[in-house]
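Remarks on the structure that follows.
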Amino acid sequence: MRFEGRVAIVTGAASGIGRATAERLADEGATVVPVDVAKDELGVGGIVGDVSDPTFAPSLVAQTIERHGRLDVLANVAGILRTANTHEHSLEVWDQVLAVNLTGTFLCCRAAIPELLKSGGNIVNVSSTAALSGHPWAAAYSASKGGVLALTRTIAVEYAQQGLRCNAVCPGSIKTPITKDFEFPEGVNMDLVRRLMALDKPRGPETVAAAIAFLASDDAAHVNGEDVRVDGATLS
């Protein structure tokens with residue numbers, strides 16, 4: 001019950017890593033505010049909204065404080081993936097992916113930080129192994145997740161002396177709905193595909209949720225500005 005008496009916002013909570021994270025934190029005692037654009041899959045107490053909308057994050061934090069009086073954890077999980085050969089990546093897709101994955105993470109962090117400073121809370125962002133190594137056909141996604149890592153480290157250093165921690169997880173080979181969006185261009189070199197695969201086997205989103213729960217808990221009190229790979233030794 002590491003999160004008893006604490007309030008956590010989890011974005012992207014309708015499926016995949018977001019849902020697993022919301023369930024894990026709730027199982028450990030947290031009052032969870034699940035957030036997603038998918039209204040029908042959120043359940044009771046969820047807040048529907050698009051993290052890339054600049055007006056949404058302030059409203060989300062305000063509603064959380066109004067309902068629960070505090071905010072202790074922000075888990076930025078919401079994200080999208082689009083794939084193509086880099087020279088065929090449209091600007092529209094590029095802008096869309098960065099808007100959700102990077103700008104959305106920034107907007108939620110910006111809105112939540114004042115309340116997290118009051119509670120001594122922390123942030124866990126979801127990046128990706130795509131931020132740590134070359135992931136072919138995922139230029140926008142990789143760029144956005146690299147940005148999430150840079151943002152994470154900036155927040156960690158900027159607010160460390162005020163008691164705010166900010167860490168990231170970098171999943172790889174995780175079975176989630178987002179992986180269905182990974183389409184290989186025609187005639188791909190399968191050697192490049194194998195570079196993205198775990199050495200044991202793909203795992204479920206609960207494995208990432210466990211890492212997020214650790215980073216968000218007091219067990220990780222001296223962990224700040226870190227990126228934790230959850231990838232089955234893919235990049236080792």
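Ordering of the structure tokens sets the chain letters (A, B, ...), residue numbers begin anew at 1 in every chain, and ligands are numbered from 1 in the order given.
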Could you pull out the alpha helix (DSSP H) residues of range 3-143 of chain A from DSSP and send them as a ChimeraX atom specification? /A:16-27,56-68,91-98,104-119,139-143
With range 68-75 of chain A as the partner and 7 Å as the cut-off, tabulate the residues of range 109-194 of chain A that qualify, each row holding the nearest pair of atoms and their distance in Å to one decimal, using only C-alpha atoms, sorted by chain and rising number, as a Markdown table.
| residue | atom | partner | partner_atom | distance |
| --- | --- | --- | --- | --- |
| A:Glu115 | CA | A:Leu71 | CA | 6.0 |
| A:Leu116 | CA | A:Asp72 | CA | 5.7 |
| A:Ser119 | CA | A:Asp72 | CA | 5.9 |
| A:Gly120 | CA | A:Asp72 | CA | 6.9 |
| A:Gly121 | CA | A:Asp72 | CA | 4.3 |
| A:Asn122 | CA | A:Val73 | CA | 5.2 |
| A:Ile123 | CA | A:Leu74 | CA | 4.8 |
| A:Val124 | CA | A:Ala75 | CA | 4.9 |
| A:Asn125 | CA | A:Ala75 | CA | 5.9 |
May I have the selected residues written with all heavy atoms, as a short mmCIF file (atom, residue, chain, number, x, y, z; two decimals), in the first residue's frame?
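Resulting contents of result_37.cif:
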data_model
loop_
_atom_site.label_atom_id
_atom_site.label_comp_id
_atom_site.auth_asym_id
_atom_site.auth_seq_id
_atom_site.Cartn_x
_atom_site.Cartn_y
_atom_site.Cartn_z
N GLU A 115 1.18 21.91 -8.03
CA GLU A 115 0.51 21.08 -7.03
C GLU A 115 1.45 19.99 -6.49
O GLU A 115 1.40 19.64 -5.31
CB GLU A 115 -0.75 20.45 -7.61
CG GLU A 115 -1.82 21.44 -8.00
CD GLU A 115 -2.32 22.26 -6.82
OE1 GLU A 115 -2.28 21.77 -5.67
OE2 GLU A 115 -2.75 23.41 -7.05
N LEU A 116 2.30 19.45 -7.36
CA LEU A 116 3.25 18.43 -6.92
C LEU A 116 4.28 19.01 -5.96
O LEU A 116 4.75 18.33 -5.04
CB LEU A 116 3.94 17.80 -8.13
CG LEU A 116 3.02 16.99 -9.05
CD1 LEU A 116 3.77 16.60 -10.32
CD2 LEU A 116 2.49 15.74 -8.34
N SER A 119 2.74 19.00 -2.49
CA SER A 119 2.56 17.69 -1.87
C SER A 119 3.85 16.90 -1.71
O SER A 119 3.86 15.84 -1.08
CB SER A 119 1.56 16.86 -2.68
OG SER A 119 2.10 16.54 -3.97
N GLY A 120 4.95 17.40 -2.31
CA GLY A 120 6.17 16.60 -2.34
C GLY A 120 6.05 15.43 -3.28
O GLY A 120 6.63 14.37 -3.05
N GLY A 121 5.29 15.63 -4.36
CA GLY A 121 5.00 14.55 -5.29
C GLY A 121 6.05 14.38 -6.36
O GLY A 121 7.15 14.95 -6.29
N ASN A 122 5.70 13.61 -7.39
CA ASN A 122 6.68 13.33 -8.45
C ASN A 122 5.99 13.00 -9.76
O ASN A 122 4.77 12.76 -9.81
CB ASN A 122 7.60 12.19 -8.02
CG ASN A 122 6.91 10.85 -7.97
OD1 ASN A 122 6.86 10.12 -8.95
ND2 ASN A 122 6.34 10.52 -6.81
N ILE A 123 6.81 12.96 -10.81
CA ILE A 123 6.35 12.70 -12.17
C ILE A 123 7.07 11.48 -12.72
O ILE A 123 8.27 11.32 -12.52
CB ILE A 123 6.63 13.90 -13.09
CG1 ILE A 123 5.90 15.16 -12.60
CG2 ILE A 123 6.26 13.59 -14.54
CD1 ILE A 123 6.36 16.44 -13.28
N VAL A 124 6.32 10.63 -13.42
CA VAL A 124 6.93 9.54 -14.19
C VAL A 124 6.43 9.66 -15.62
O VAL A 124 5.22 9.60 -15.87
CB VAL A 124 6.58 8.15 -13.63
CG1 VAL A 124 7.32 7.08 -14.44
CG2 VAL A 124 6.94 8.04 -12.16
N ASN A 125 7.35 9.87 -16.55
CA ASN A 125 7.01 9.98 -17.96
C ASN A 125 7.33 8.67 -18.67
O ASN A 125 8.29 7.98 -18.33
CB ASN A 125 7.81 11.10 -18.62
CG ASN A 125 7.44 12.47 -18.07
OD1 ASN A 125 6.28 12.73 -17.77
ND2 ASN A 125 8.43 13.34 -17.92
#
Find the residues near range 130-142 of chain A: any atom within 8 Å, counting only C-alpha atoms, skip ones fewer than 6 places away on the same chain, and give them as a PyMOL selection string. chain A and resi 80-86+89+93-94+97-98+101+149+170+184-185+192+196+235
Find, counting only C-alpha atoms, the residue in A:Thr55, A:Asn189, A:Ser15, A:Thr152 that gets nearest to Leu102 in chain A. A:Thr152
Please indicate the distance in Å from CA of Asn224 in chain A to CA of Leu107 in chain A, rounded to one decimal place.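 The value is 20.1 Å.
The strand (DSSP E) portion of range 17-164 of chain A consists of Thr31, Val32, Val33, Pro34, Val35, Asp36, Ile47, Val48, Val73, Leu74, Ala75, Asn76, Asn122, Ile123, Val124, Asn125 and Val126 of chain A, with states taken from DSSP on the backbone.
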Got time to write the residues from that selection, C-alpha atoms, as a compact mmCIF listing (two decimals), in the first residue's frame?
# COMPACT_ATOMS: atom_id res chain seq x y z
CA THR A 31 -6.85 7.38 -5.58
CA VAL A 32 -6.40 7.32 -9.34
CA VAL A 33 -7.69 9.89 -11.81
CA PRO A 34 -7.63 8.05 -15.16
CA VAL A 35 -7.43 10.18 -18.28
CA ASP A 36 -7.91 9.34 -21.96
CA ILE A 47 -11.71 12.39 -17.18
CA VAL A 48 -12.00 12.54 -20.94
CA VAL A 73 1.79 11.54 -8.78
CA LEU A 74 1.57 12.38 -12.47
CA ALA A 75 2.11 9.44 -14.80
CA ASN A 76 2.31 10.64 -18.41
CA ASN A 122 6.68 13.33 -8.45
CA ILE A 123 6.35 12.70 -12.17
CA VAL A 124 6.93 9.54 -14.19
CA ASN A 125 7.01 9.98 -17.96
CA VAL A 126 6.82 7.17 -20.49
Any idea what's packed within 8 Å of Pro171 in chain A, counting only C-alpha atoms, ignoring anything in its chain fewer than 5 positions away? Could you give it as a PDB file with N, CA and C atoms, in the first residue's frame?
ATOM      1  N   VAL A 126       6.541   8.351 -19.677  1.00  0.00           N
ATOM      2  CA  VAL A 126       6.817   7.171 -20.488  1.00  0.00           C
ATOM      3  C   VAL A 126       7.511   7.592 -21.763  1.00  0.00           C
ATOM      4  N   SER A 127       8.771   7.218 -21.876  1.00  0.00           N
ATOM      5  CA  SER A 127       9.543   7.418 -23.088  1.00  0.00           C
ATOM      6  C   SER A 127       9.533   6.093 -23.864  1.00  0.00           C
ATOM      7  N   SER A 128      10.670   5.670 -24.374  1.00  0.00           N
ATOM      8  CA  SER A 128      10.715   4.448 -25.175  1.00  0.00           C
ATOM      9  C   SER A 128      12.169   4.094 -25.466  1.00  0.00           C
ATOM     10  N   THR A 129      12.406   2.830 -25.767  1.00  0.00           N
ATOM     11  CA  THR A 129      13.731   2.464 -26.276  1.00  0.00           C
ATOM     12  C   THR A 129      14.013   3.162 -27.600  1.00  0.00           C
ATOM     13  N   VAL A 208       5.713  -2.848 -17.206  1.00  0.00           N
ATOM     14  CA  VAL A 208       6.059  -1.424 -17.204  1.00  0.00           C
ATOM     15  C   VAL A 208       5.366  -0.718 -16.043  1.00  0.00           C
ATOM     16  N   ARG A 229      15.047   1.296 -18.468  1.00  0.00           N
ATOM     17  CA  ARG A 229      14.636   0.449 -19.591  1.00  0.00           C
ATOM     18  C   ARG A 229      13.855  -0.748 -19.066  1.00  0.00           C
ATOM     19  N   VAL A 230      12.732  -1.030 -19.740  1.00  0.00           N
ATOM     20  CA  VAL A 230      11.960  -2.235 -19.470  1.00  0.00           C
ATOM     21  C   VAL A 230      11.797  -2.916 -20.827  1.00  0.00           C
ATOM     22  N   ASP A 231      12.821  -3.656 -21.234  1.00  0.00           N
ATOM     23  CA  ASP A 231      12.878  -4.102 -22.636  1.00  0.00           C
ATOM     24  C   ASP A 231      13.456  -5.495 -22.848  1.00  0.00           C
TER      25      ASP A 231
END
Could you please determine the separation between CA of Arg24 in chain A and CA of Val77 in chain A in Å, to one decimal place? 13.6 Å
Hey, can you check how far CA of Gly5 in chain A sits from CA of Ala168 in chain A?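 Taking CA of Gly5 in chain A and CA of Ala168 in chain A, their separation equals 23.3 Å.
Minimum atom-to-atom distances from A:Ile17, A:Val188, A:Val100, A:Ile9 to Gln63 in chain A were compared using only C-alpha atoms, and the lowest value belongs to A:Ile9.
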